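Asks: query.cif (mmCIF, C-alpha atoms) pasted underneath:
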```cif
data_run
#
loop_
_atom_site.group_PDB
_atom_site.id
_atom_site.type_symbol
_atom_site.label_atom_id
_atom_site.label_comp_id
_atom_site.auth_asym_id
_atom_site.auth_seq_id
_atom_site.Cartn_x
_atom_site.Cartn_y
_atom_site.Cartn_z
ATOM 1 C CA PRO A 1 32.802 164.680 -128.264
ATOM 2 C CA SER A 2 32.560 163.500 -124.628
ATOM 3 C CA ALA A 3 35.529 161.899 -122.847
ATOM 4 C CA PRO A 4 35.635 158.072 -122.757
ATOM 5 C CA PRO A 5 34.633 156.473 -119.414
ATOM 6 C CA PRO A 6 37.467 155.504 -117.044
ATOM 7 C CA PRO A 7 38.542 151.814 -117.056
ATOM 8 C CA PRO A 8 37.164 149.599 -114.236
ATOM 9 C CA ALA A 9 39.284 149.265 -111.124
ATOM 10 C CA PRO A 10 41.223 146.019 -110.632
ATOM 11 C CA PRO A 11 39.517 143.359 -108.419
ATOM 12 C CA TRP A 12 42.025 143.745 -105.635
ATOM 13 C CA THR A 13 41.134 147.418 -105.228
ATOM 14 C CA GLN A 14 37.350 146.979 -105.201
ATOM 15 C CA ARG A 15 35.528 147.203 -101.897
ATOM 16 C CA ALA A 16 32.595 145.173 -100.754
ATOM 17 C CA SER A 17 29.242 146.557 -101.807
ATOM 18 C CA THR A 18 27.587 148.783 -99.254
ATOM 19 C CA ARG A 19 24.056 148.216 -100.444
ATOM 20 C CA SER A 20 21.673 147.030 -97.812
ATOM 21 C CA SER A 21 20.237 143.545 -97.809
ATOM 22 C CA PRO A 22 16.543 143.214 -98.734
ATOM 23 C CA GLY A 23 15.515 142.745 -95.126
ATOM 24 C CA GLY A 24 17.589 145.623 -93.885
ATOM 25 C CA GLY A 25 20.396 145.300 -91.400
ATOM 26 C CA ARG A 26 24.040 144.692 -92.224
ATOM 27 C CA PRO A 27 25.115 145.682 -95.767
ATOM 28 C CA ALA A 28 25.504 142.789 -98.169
ATOM 29 C CA GLY A 29 29.043 141.497 -98.574
ATOM 30 C CA LEU A 30 30.107 142.242 -95.000
ATOM 31 C CA ARG A 31 30.408 139.355 -92.529
ATOM 32 C CA ARG A 32 29.860 139.566 -88.848
ATOM 33 C CA PRO A 33 33.200 139.189 -87.061
ATOM 34 C CA THR A 34 33.511 135.831 -85.335
ATOM 35 C CA ARG A 35 34.251 135.829 -81.645
ATOM 36 C CA HIS A 36 36.167 132.844 -80.312
ATOM 37 C CA ARG A 37 35.274 131.913 -76.787
ATOM 38 C CA GLN A 38 37.965 130.609 -74.550
ATOM 39 C CA PRO A 39 37.040 127.131 -73.241
ATOM 40 C CA ALA A 40 36.346 127.081 -69.537
ATOM 41 C CA THR A 41 39.207 125.507 -67.669
ATOM 42 C CA ARG A 42 38.840 123.802 -64.320
ATOM 43 C CA PRO A 43 41.687 123.657 -61.879
ATOM 44 C CA PRO A 44 43.101 120.142 -61.446
ATOM 45 C CA ALA A 45 41.565 118.201 -58.593
ATOM 46 C CA SER A 46 43.659 117.858 -55.484
ATOM 47 C CA PRO A 47 44.635 114.343 -54.360
ATOM 48 C CA ARG A 48 42.078 114.487 -51.555
ATOM 49 C CA GLU A 49 39.307 115.517 -53.959
ATOM 50 C CA GLY A 50 40.216 112.705 -56.363
ATOM 51 C CA ASP A 51 40.172 110.113 -53.581
ATOM 52 C CA GLY A 52 36.918 111.520 -52.229
ATOM 53 C CA ARG A 53 35.169 111.148 -55.581
ATOM 54 C CA LEU A 54 36.058 107.448 -55.676
ATOM 55 C CA VAL A 55 34.631 106.996 -52.182
ATOM 56 C CA GLN A 56 31.395 108.754 -53.168
ATOM 57 C CA ALA A 57 31.075 106.612 -56.298
ATOM 58 C CA GLU A 58 31.421 103.442 -54.232
ATOM 59 C CA ALA A 59 28.951 104.720 -51.615
ATOM 60 C CA ARG A 60 26.320 105.312 -54.298
ATOM 61 C CA LYS A 61 26.287 101.572 -55.035
ATOM 62 C CA GLY A 62 24.423 101.086 -51.767
ATOM 63 C CA MET A 63 24.324 98.053 -49.497
ATOM 64 C CA GLU A 64 23.053 94.551 -50.060
ATOM 65 C CA ALA A 65 20.915 92.726 -47.523
ATOM 66 C CA GLY A 66 22.847 92.128 -44.324
ATOM 67 C CA GLU A 67 25.654 94.568 -45.187
ATOM 68 C CA ALA A 68 26.874 97.600 -43.265
ATOM 69 C CA ARG A 69 29.757 100.001 -43.683
ATOM 70 C CA PHE A 70 32.982 98.751 -42.078
ATOM 71 C CA SER A 71 35.865 100.956 -40.931
ATOM 72 C CA VAL A 72 37.565 99.305 -37.941
ATOM 73 C CA GLU A 73 40.977 100.709 -38.784
ATOM 74 C CA VAL A 74 44.045 100.047 -36.649
ATOM 75 C CA ALA A 75 47.196 102.109 -36.364
ATOM 76 C CA VAL A 76 50.139 101.196 -38.600
ATOM 77 C CA GLU A 77 53.684 102.048 -37.614
ATOM 78 C CA GLY A 78 55.073 104.451 -40.194
ATOM 79 C CA LYS A 79 58.625 104.951 -41.406
ATOM 80 C CA ALA A 80 60.341 107.605 -43.502
ATOM 81 C CA GLU A 81 60.625 106.761 -47.191
ATOM 82 C CA TRP A 82 62.792 108.214 -49.968
ATOM 83 C CA TRP A 83 59.765 109.834 -51.623
ATOM 84 C CA HIS A 84 58.642 111.834 -48.558
ATOM 85 C CA ASP A 85 60.279 115.059 -49.761
ATOM 86 C CA LYS A 86 58.725 115.011 -53.224
ATOM 87 C CA TYR A 87 55.310 113.469 -52.580
ATOM 88 C CA ARG A 88 53.197 114.080 -49.533
ATOM 89 C CA PRO A 89 52.494 110.728 -47.880
ATOM 90 C CA ARG A 90 48.888 109.956 -47.051
ATOM 91 C CA LYS A 91 46.638 107.032 -46.259
ATOM 92 C CA PRO A 92 44.397 105.804 -49.046
ATOM 93 C CA LYS A 93 40.664 106.377 -48.957
ATOM 94 C CA TYR A 94 38.452 103.324 -48.654
ATOM 95 C CA PHE A 95 34.850 102.158 -48.593
ATOM 96 C CA ASN A 96 34.366 98.781 -46.948
ATOM 97 C CA ARG A 97 31.393 96.588 -46.139
ATOM 98 C CA VAL A 98 30.880 93.844 -43.564
ATOM 99 C CA HIS A 99 28.279 91.138 -44.171
ATOM 100 C CA THR A 100 26.455 89.674 -41.183
ATOM 101 C CA GLY A 101 23.740 87.049 -40.865
ATOM 102 C CA TYR A 102 22.419 84.100 -38.919
ATOM 103 C CA GLU A 103 24.204 80.781 -38.872
ATOM 104 C CA TRP A 104 21.518 78.072 -38.909
ATOM 105 C CA ASN A 105 23.786 75.167 -38.136
ATOM 106 C CA LYS A 106 22.676 72.113 -36.164
ATOM 107 C CA TYR A 107 23.502 73.704 -32.818
ATOM 108 C CA ASN A 108 21.569 76.909 -33.550
ATOM 109 C CA GLN A 109 18.642 74.943 -34.981
ATOM 110 C CA THR A 110 18.466 73.027 -31.717
ATOM 111 C CA HIS A 111 18.747 75.991 -29.363
ATOM 112 C CA TYR A 112 17.134 78.817 -31.357
ATOM 113 C CA ASP A 113 14.198 79.471 -33.681
ATOM 114 C CA HIS A 114 12.984 82.319 -35.881
ATOM 115 C CA ASP A 115 11.192 83.958 -32.945
ATOM 116 C CA ASN A 116 14.346 83.709 -30.855
ATOM 117 C CA PRO A 117 17.168 83.846 -33.419
ATOM 118 C CA PRO A 118 20.828 83.313 -32.613
ATOM 119 C CA PRO A 119 23.199 86.283 -32.539
ATOM 120 C CA LYS A 120 24.307 87.516 -35.939
ATOM 121 C CA MET A 121 27.748 86.463 -37.079
ATOM 122 C CA VAL A 122 30.201 88.115 -39.438
ATOM 123 C CA GLN A 123 30.041 86.139 -42.687
ATOM 124 C CA GLY A 124 32.367 88.161 -44.925
ATOM 125 C CA TYR A 125 33.866 91.488 -45.961
ATOM 126 C CA LYS A 126 34.136 93.671 -49.050
ATOM 127 C CA PHE A 127 37.150 95.994 -49.140
ATOM 128 C CA ASN A 128 37.513 98.817 -51.690
ATOM 129 C CA VAL A 129 40.796 100.706 -51.248
ATOM 130 C CA PHE A 130 41.526 103.602 -53.613
ATOM 131 C CA TYR A 131 44.976 104.249 -55.122
ATOM 132 C CA PRO A 132 44.395 106.773 -57.971
ATOM 133 C CA ASP A 133 47.783 108.521 -57.725
ATOM 134 C CA LEU A 134 50.325 105.714 -57.491
ATOM 135 C CA ILE A 135 53.794 106.782 -58.595
ATOM 136 C CA ASP A 136 54.747 103.350 -59.910
ATOM 137 C CA ARG A 137 51.639 102.055 -61.674
ATOM 138 C CA ARG A 138 53.408 98.862 -62.725
ATOM 139 C CA LYS A 139 53.236 97.483 -59.192
ATOM 140 C CA THR A 140 49.909 96.128 -58.020
ATOM 141 C CA PRO A 141 48.890 96.859 -54.415
ATOM 142 C CA THR A 142 48.990 93.838 -52.131
ATOM 143 C CA TYR A 143 47.484 92.643 -48.853
ATOM 144 C CA SER A 144 48.739 90.465 -46.018
ATOM 145 C CA LEU A 145 47.392 88.856 -42.853
ATOM 146 C CA SER A 146 49.076 88.836 -39.455
ATOM 147 C CA PRO A 147 47.998 87.718 -35.963
ATOM 148 C CA ASP A 148 46.328 90.182 -33.635
ATOM 149 C CA PRO A 149 48.486 90.476 -30.497
ATOM 150 C CA GLY A 150 45.435 91.257 -28.403
ATOM 151 C CA SER A 151 43.105 88.425 -29.389
ATOM 152 C CA SER A 152 43.137 85.130 -31.236
ATOM 153 C CA ASP A 153 39.541 85.734 -32.410
ATOM 154 C CA THR A 154 40.658 88.547 -34.721
ATOM 155 C CA CYS A 155 43.550 89.182 -37.099
ATOM 156 C CA ILE A 156 45.071 92.173 -38.905
ATOM 157 C CA LEU A 157 44.459 92.672 -42.625
ATOM 158 C CA ARG A 158 47.058 95.073 -44.020
ATOM 159 C CA PHE A 159 47.079 96.763 -47.432
ATOM 160 C CA HIS A 160 50.254 98.014 -49.114
ATOM 161 C CA GLY A 161 49.991 100.209 -52.210
ATOM 162 C CA GLY A 162 53.285 102.072 -52.519
ATOM 163 C CA PRO A 163 54.212 105.781 -52.759
ATOM 164 C CA PRO A 164 52.672 108.169 -52.013
ATOM 165 C CA TYR A 165 50.293 105.983 -50.007
ATOM 166 C CA GLU A 166 51.006 104.716 -46.547
ATOM 167 C CA ASP A 167 49.961 101.254 -45.451
ATOM 168 C CA ILE A 168 46.517 100.847 -43.956
ATOM 169 C CA ALA A 169 45.253 97.983 -41.784
ATOM 170 C CA PHE A 170 41.960 96.686 -40.397
ATOM 171 C CA LYS A 171 41.018 94.310 -37.612
ATOM 172 C CA ILE A 172 38.777 91.522 -38.900
ATOM 173 C CA VAL A 173 37.339 88.234 -37.665
ATOM 174 C CA ASN A 174 39.897 85.441 -37.702
ATOM 175 C CA GLN A 175 38.241 82.705 -39.769
ATOM 176 C CA GLU A 176 39.068 80.667 -42.848
ATOM 177 C CA TRP A 177 38.294 82.329 -46.182
ATOM 178 C CA GLU A 178 36.419 80.965 -49.159
ATOM 179 C CA THR A 179 38.814 81.489 -52.086
ATOM 180 C CA ASN A 180 36.462 80.251 -54.801
ATOM 181 C CA HIS A 181 35.197 83.066 -57.016
ATOM 182 C CA LYS A 182 31.875 81.228 -57.323
ATOM 183 C CA ARG A 183 31.439 81.764 -53.582
ATOM 184 C CA GLY A 184 32.068 85.491 -53.740
ATOM 185 C CA PHE A 185 35.862 85.759 -53.637
ATOM 186 C CA ARG A 186 37.356 88.631 -55.624
ATOM 187 C CA CYS A 187 40.832 90.126 -55.631
ATOM 188 C CA ARG A 188 41.638 92.557 -58.429
ATOM 189 C CA PHE A 189 43.160 95.974 -59.028
ATOM 190 C CA GLU A 190 41.534 98.038 -61.751
ATOM 191 C CA ARG A 191 41.272 101.793 -62.444
ATOM 192 C CA GLY A 192 43.074 102.661 -59.242
ATOM 193 C CA ILE A 193 40.790 100.555 -57.008
ATOM 194 C CA LEU A 194 41.907 97.456 -55.112
ATOM 195 C CA GLN A 195 38.921 95.191 -54.480
ATOM 196 C CA LEU A 196 39.158 92.346 -51.988
ATOM 197 C CA TYR A 197 35.876 90.493 -51.403
ATOM 198 C CA PHE A 198 35.622 87.263 -49.431
ATOM 199 C CA ASN A 199 33.230 85.184 -47.342
ATOM 200 C CA PHE A 200 34.084 82.821 -44.532
ATOM 201 C CA LYS A 201 33.814 79.065 -44.842
ATOM 202 C CA ARG A 202 30.852 77.545 -43.084
ATOM 203 C CA HIS A 203 31.693 74.513 -40.974
ATOM 204 C CA ARG A 204 29.102 71.898 -40.133
ATOM 205 C CA TYR A 205 28.283 71.454 -36.490
ATOM 206 C CA ARG A 206 29.425 68.153 -34.965
ATOM 207 C CA ARG A 207 28.277 66.934 -31.582
#
```
Spit out the file's structure as structure tokens when you get a sec.

Replies:
Amino acid sequence: PSAPPPPPAPPWTQRASTRSSPGGGRPAGLRRPTRHRQPATRPPASPREGDGRLVQAEARKGMEAGEARFSVEVAVEGKAEWWHDKYRPRKPKYFNRVHTGYEWNKYNQTHYDHDNPPPKMVQGYKFNVFYPDLIDRRKTPTYSLSPDPGSSDTCILRFHGGPPYEDIAFKIVNQEWETNHKRGFRCRFERGILQLYFNFKRHRYRR
């Protein structure tokens, strides 16, 4: 009599079948090894690159009628601060606009017409100052006005943000502001951008 067949091998010792799949190619039961790609990493943006992107984003908004870019910056006396050794001090980036137009008051209506218009006057400003890397984010940047030693027709508008940003100042027309938001006034700090928009009050001409 013939010898009995050997018992089947336990499941943990069986190998995957090496028969080919109907369409040919890799044998059935074998899986293609999965390759894990490393996600592409970008180096962190430098402070100058981060500030520059905010300026470009503001520039893409364009200009309204009668607006032009404004950057009459004046020198600000600097002083050493406690954070100079740890954080490199720098001036904030900005993108400002000045709004000009004709003032058709009684005097100009008498002496000028549309063929011979009066000189354009500054009617307001829009300041966008960028503070994306403030050390103390609990403190909101501020602004202040001071007289211009060289002329009473202009004044100095100074912005203070805090470390690592130095103060920055601009020379603007010295006129009374409209502080009603319905007349264009805006003062807010959001997402690292200080926005200060204002128009000047228009006074009626009296003979």

Asks: Go ahead and compute the interatomic distance for atom CA of A:Asn108 and atom CA of A:Pro147, in Å to one decimal.

Replies: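 One can read the atom CA of A:Asn108 to atom CA of A:Pro147 distance as 28.7 Å.
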
Asks: Taking the file as shown, what set of residues would the PyMOL selection byres ((chain A and resi 169-171) around 6) give back, as a list in words?

Replies: Val72, Glu73, Val74, Cys155, Ile156, Leu157, Arg158, Ile168 and Ile172 of chain A

Asks: Select all residues near (22.7, 88.5, -45.2) (cut-off 10 Å, inclusive, file coordinates), counting all atoms listed in the file, and output them as a ChimeraX atom specification.

Replies: /A:64-67,98-102,120-124

Asks: Go ahead and write the residues just picked, C-alpha atoms, as a PDB file, keeping the file's coordinate frame.

Replies:
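This is the output file result_37.pdb:
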```pdb
ATOM      1  CA  GLU A  64      23.053  94.551 -50.060  1.00  0.00           C
ATOM      2  CA  ALA A  65      20.915  92.726 -47.523  1.00  0.00           C
ATOM      3  CA  GLY A  66      22.847  92.128 -44.324  1.00  0.00           C
ATOM      4  CA  GLU A  67      25.654  94.568 -45.187  1.00  0.00           C
ATOM      5  CA  VAL A  98      30.880  93.844 -43.564  1.00  0.00           C
ATOM      6  CA  HIS A  99      28.279  91.138 -44.171  1.00  0.00           C
ATOM      7  CA  THR A 100      26.455  89.674 -41.183  1.00  0.00           C
ATOM      8  CA  GLY A 101      23.740  87.049 -40.865  1.00  0.00           C
ATOM      9  CA  TYR A 102      22.419  84.100 -38.919  1.00  0.00           C
ATOM     10  CA  LYS A 120      24.307  87.516 -35.939  1.00  0.00           C
ATOM     11  CA  MET A 121      27.748  86.463 -37.079  1.00  0.00           C
ATOM     12  CA  VAL A 122      30.201  88.115 -39.438  1.00  0.00           C
ATOM     13  CA  GLN A 123      30.041  86.139 -42.687  1.00  0.00           C
ATOM     14  CA  GLY A 124      32.367  88.161 -44.925  1.00  0.00           C
TER      15      GLY A 124
END
```

Asks: Which residue out of A:Arg202, A:Leu134, A:Leu196, A:Asn180 has the minimum interatomic distance to A:Trp104 when only C-alpha atoms are used?

Replies: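 Nearest to A:Trp104: A:Arg202.
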
Asks: Which residues, named as in the file, does the PyMOL selection byres ((chain A and resi 94) around 9) pick out? Answer as number ranges by chain.

Replies: A: 51, 54-55, 58, 71, 92-93, 95-96, 127-130

Asks: Separation of atom CA of A:Pro163 and atom CA of A:Thr140, in Å?

Replies: 11.8 Å

Asks: Show me, as a short mmCIF file (atom, residue, chain, number, x, y, z; two decimals) with C-alpha atoms, in the coordinates of the input, the residues that have an atom within 9 Å of A:Gln175 when counting only C-alpha atoms, minus same-chain residues fewer than 5 positions from it.

Replies:
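result_38.cif, freshly written:
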```
data_model
loop_
_atom_site.label_atom_id
_atom_site.label_comp_id
_atom_site.auth_asym_id
_atom_site.auth_seq_id
_atom_site.Cartn_x
_atom_site.Cartn_y
_atom_site.Cartn_z
CA ASP A 153 39.54 85.73 -32.41
CA THR A 154 40.66 88.55 -34.72
CA CYS A 155 43.55 89.18 -37.10
CA PHE A 200 34.08 82.82 -44.53
CA LYS A 201 33.81 79.06 -44.84
#
```

Asks: Mind pulling up the distance from atom CA of A:Glu77 to atom CA of A:Pro149?

Replies: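 Between atom CA of A:Pro149 and atom CA of A:Glu77 the gap works out to 14.5 Å.
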
Asks: Taking only C-alpha atoms into account, name the residue in A:Gly162, A:Glu176, A:Pro89, A:Arg53 that is nearest to A:Lys139.

Replies: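 Ranked by minimum distance to A:Lys139, first place goes to A:Gly162.
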
Asks: Choose the residue, out of A:Trp177, A:Tyr165, A:Phe70, A:Tyr112, that has the smallest atom-to-atom separation from A:Asp133; count all atoms listed in the file.

Replies: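 Smallest separation from A:Asp133 among the options: A:Tyr165.
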
Asks: Expand the PyMOL selection byres ((chain A and resi 184) around 7) into the explicit residue set it covers here, and present it as a list in words.

Replies: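 Selected by the PyMOL selection byres ((chain A and resi 184) around 7) in this file: Asn180, His181, Lys182, Arg183, Phe185, Arg186, Tyr197, Phe198 and Asn199 of chain A.
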
Asks: Please identify all polymer residues within 12 Å of A:Arg138, counting all atoms listed in the file, omitting same-chain residues fewer than 5 positions from it, and present them as a PyMOL selection string.

Replies: chain A and resi 161-162+189-190+192

Asks: With 8 Å on each side, where is the centre of the axis-aligned box around all listed atoms of stretch 111-115 of chain A, and how long are its edges in Å to one decimal, as AutoDock Vina command-line options?

Replies:
```
--center_x 15.0 --center_y 80.0 --center_z -32.6 --size_x 23.6 --size_y 24.0 --size_z 22.5
```

Asks: I need the residue nearest A:Glu103 from this list: A:Gln195, A:Pro119, A:Arg88, A:Ser152. Use all atoms listed in the file for the distance.

Replies: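 Smallest separation from A:Glu103 among the options: A:Pro119.
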
Asks: In terms of the shortest atom-to-atom distance over all atoms listed in the file, which of A:Arg60, A:Lys106, A:Arg188, A:His111 is closest to A:Tyr143?

Replies: A:Arg188

Asks: Would you mind writing stretch 145-168 of chain A with N, CA, C and O atoms, as an mmCIF file, in the frame of the given file?

Replies:
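That gives us result_37.cif:
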```cif
data_model
loop_
_atom_site.group_PDB
_atom_site.id
_atom_site.type_symbol
_atom_site.label_atom_id
_atom_site.label_comp_id
_atom_site.auth_asym_id
_atom_site.auth_seq_id
_atom_site.Cartn_x
_atom_site.Cartn_y
_atom_site.Cartn_z
ATOM 1 N N LEU A 145 48.045 89.144 -44.123
ATOM 2 C CA LEU A 145 47.392 88.856 -42.853
ATOM 3 C C LEU A 145 48.444 88.594 -41.786
ATOM 4 O O LEU A 145 49.471 87.972 -42.052
ATOM 5 N N SER A 146 48.165 89.064 -40.579
ATOM 6 C CA SER A 146 49.076 88.836 -39.455
ATOM 7 C C SER A 146 48.234 88.640 -38.191
ATOM 8 O O SER A 146 47.096 89.127 -38.115
ATOM 9 N N PRO A 147 48.766 87.934 -37.203
ATOM 10 C CA PRO A 147 47.998 87.718 -35.963
ATOM 11 C C PRO A 147 47.734 89.019 -35.226
ATOM 12 O O PRO A 147 48.513 89.986 -35.311
ATOM 13 N N ASP A 148 46.643 89.048 -34.499
ATOM 14 C CA ASP A 148 46.328 90.182 -33.635
ATOM 15 C C ASP A 148 46.935 89.914 -32.263
ATOM 16 O O ASP A 148 46.562 88.929 -31.615
ATOM 17 N N PRO A 149 47.854 90.746 -31.802
ATOM 18 C CA PRO A 149 48.486 90.476 -30.497
ATOM 19 C C PRO A 149 47.499 90.481 -29.346
ATOM 20 O O PRO A 149 47.761 89.861 -28.305
ATOM 21 N N GLY A 150 46.367 91.144 -29.522
ATOM 22 C CA GLY A 150 45.435 91.257 -28.403
ATOM 23 C C GLY A 150 44.399 90.165 -28.317
ATOM 24 O O GLY A 150 43.805 89.966 -27.250
ATOM 25 N N SER A 151 44.148 89.434 -29.415
ATOM 26 C CA SER A 151 43.105 88.425 -29.389
ATOM 27 C C SER A 151 43.331 87.430 -30.511
ATOM 28 O O SER A 151 43.716 87.800 -31.618
ATOM 29 N N SER A 152 43.035 86.168 -30.210
ATOM 30 C CA SER A 152 43.137 85.130 -31.236
ATOM 31 C C SER A 152 41.863 85.048 -32.081
ATOM 32 O O SER A 152 41.846 84.353 -33.094
ATOM 33 N N ASP A 153 40.800 85.735 -31.659
ATOM 34 C CA ASP A 153 39.541 85.734 -32.410
ATOM 35 C C ASP A 153 39.576 86.690 -33.595
ATOM 36 O O ASP A 153 38.701 86.614 -34.466
ATOM 37 N N THR A 154 40.531 87.586 -33.626
ATOM 38 C CA THR A 154 40.658 88.547 -34.721
ATOM 39 C C THR A 154 42.073 88.501 -35.279
ATOM 40 O O THR A 154 42.990 87.963 -34.653
ATOM 41 N N CYS A 155 42.242 89.067 -36.467
ATOM 42 C CA CYS A 155 43.550 89.182 -37.099
ATOM 43 C C CYS A 155 43.638 90.535 -37.794
ATOM 44 O O CYS A 155 42.650 91.277 -37.891
ATOM 45 N N ILE A 156 44.820 90.869 -38.287
ATOM 46 C CA ILE A 156 45.071 92.173 -38.905
ATOM 47 C C ILE A 156 45.222 91.976 -40.412
ATOM 48 O O ILE A 156 46.080 91.213 -40.868
ATOM 49 N N LEU A 157 44.380 92.671 -41.163
ATOM 50 C CA LEU A 157 44.459 92.672 -42.625
ATOM 51 C C LEU A 157 45.100 93.989 -43.050
ATOM 52 O O LEU A 157 44.557 95.061 -42.814
ATOM 53 N N ARG A 158 46.260 93.884 -43.678
ATOM 54 C CA ARG A 158 47.058 95.073 -44.020
ATOM 55 C C ARG A 158 47.171 95.220 -45.539
ATOM 56 O O ARG A 158 47.440 94.245 -46.238
ATOM 57 N N PHE A 159 46.980 96.447 -46.012
ATOM 58 C CA PHE A 159 47.079 96.763 -47.432
ATOM 59 C C PHE A 159 48.316 97.622 -47.672
ATOM 60 O O PHE A 159 48.568 98.598 -46.955
ATOM 61 N N HIS A 160 49.061 97.268 -48.725
ATOM 62 C CA HIS A 160 50.254 98.014 -49.114
ATOM 63 C C HIS A 160 50.128 98.402 -50.582
ATOM 64 O O HIS A 160 50.007 97.540 -51.458
ATOM 65 N N GLY A 161 50.145 99.731 -50.841
ATOM 66 C CA GLY A 161 49.991 100.209 -52.210
ATOM 67 C C GLY A 161 51.260 100.764 -52.814
ATOM 68 O O GLY A 161 51.503 100.612 -54.006
ATOM 69 N N GLY A 162 52.085 101.430 -52.002
ATOM 70 C CA GLY A 162 53.285 102.072 -52.519
ATOM 71 C C GLY A 162 53.135 103.583 -52.541
ATOM 72 O O GLY A 162 52.040 104.125 -52.324
ATOM 73 N N PRO A 163 54.233 104.308 -52.789
ATOM 74 C CA PRO A 163 54.212 105.781 -52.759
ATOM 75 C C PRO A 163 53.168 106.353 -53.700
ATOM 76 O O PRO A 163 52.951 105.820 -54.789
ATOM 77 N N PRO A 164 52.495 107.435 -53.279
ATOM 78 C CA PRO A 164 52.672 108.169 -52.013
ATOM 79 C C PRO A 164 51.764 107.684 -50.899
ATOM 80 O O PRO A 164 51.542 108.416 -49.931
ATOM 81 N N TYR A 165 51.261 106.465 -50.987
ATOM 82 C CA TYR A 165 50.293 105.983 -50.007
ATOM 83 C C TYR A 165 50.974 105.190 -48.901
ATOM 84 O O TYR A 165 51.827 104.340 -49.159
ATOM 85 N N GLU A 166 50.546 105.480 -47.694
ATOM 86 C CA GLU A 166 51.006 104.716 -46.547
ATOM 87 C C GLU A 166 50.188 103.427 -46.428
ATOM 88 O O GLU A 166 49.103 103.313 -46.998
ATOM 89 N N ASP A 167 50.706 102.484 -45.688
ATOM 90 C CA ASP A 167 49.961 101.254 -45.451
ATOM 91 C C ASP A 167 48.742 101.539 -44.573
ATOM 92 O O ASP A 167 48.744 102.466 -43.759
ATOM 93 N N ILE A 168 47.730 100.730 -44.757
ATOM 94 C CA ILE A 168 46.517 100.847 -43.956
ATOM 95 C C ILE A 168 46.109 99.450 -43.539
ATOM 96 O O ILE A 168 46.298 98.481 -44.295
#
```
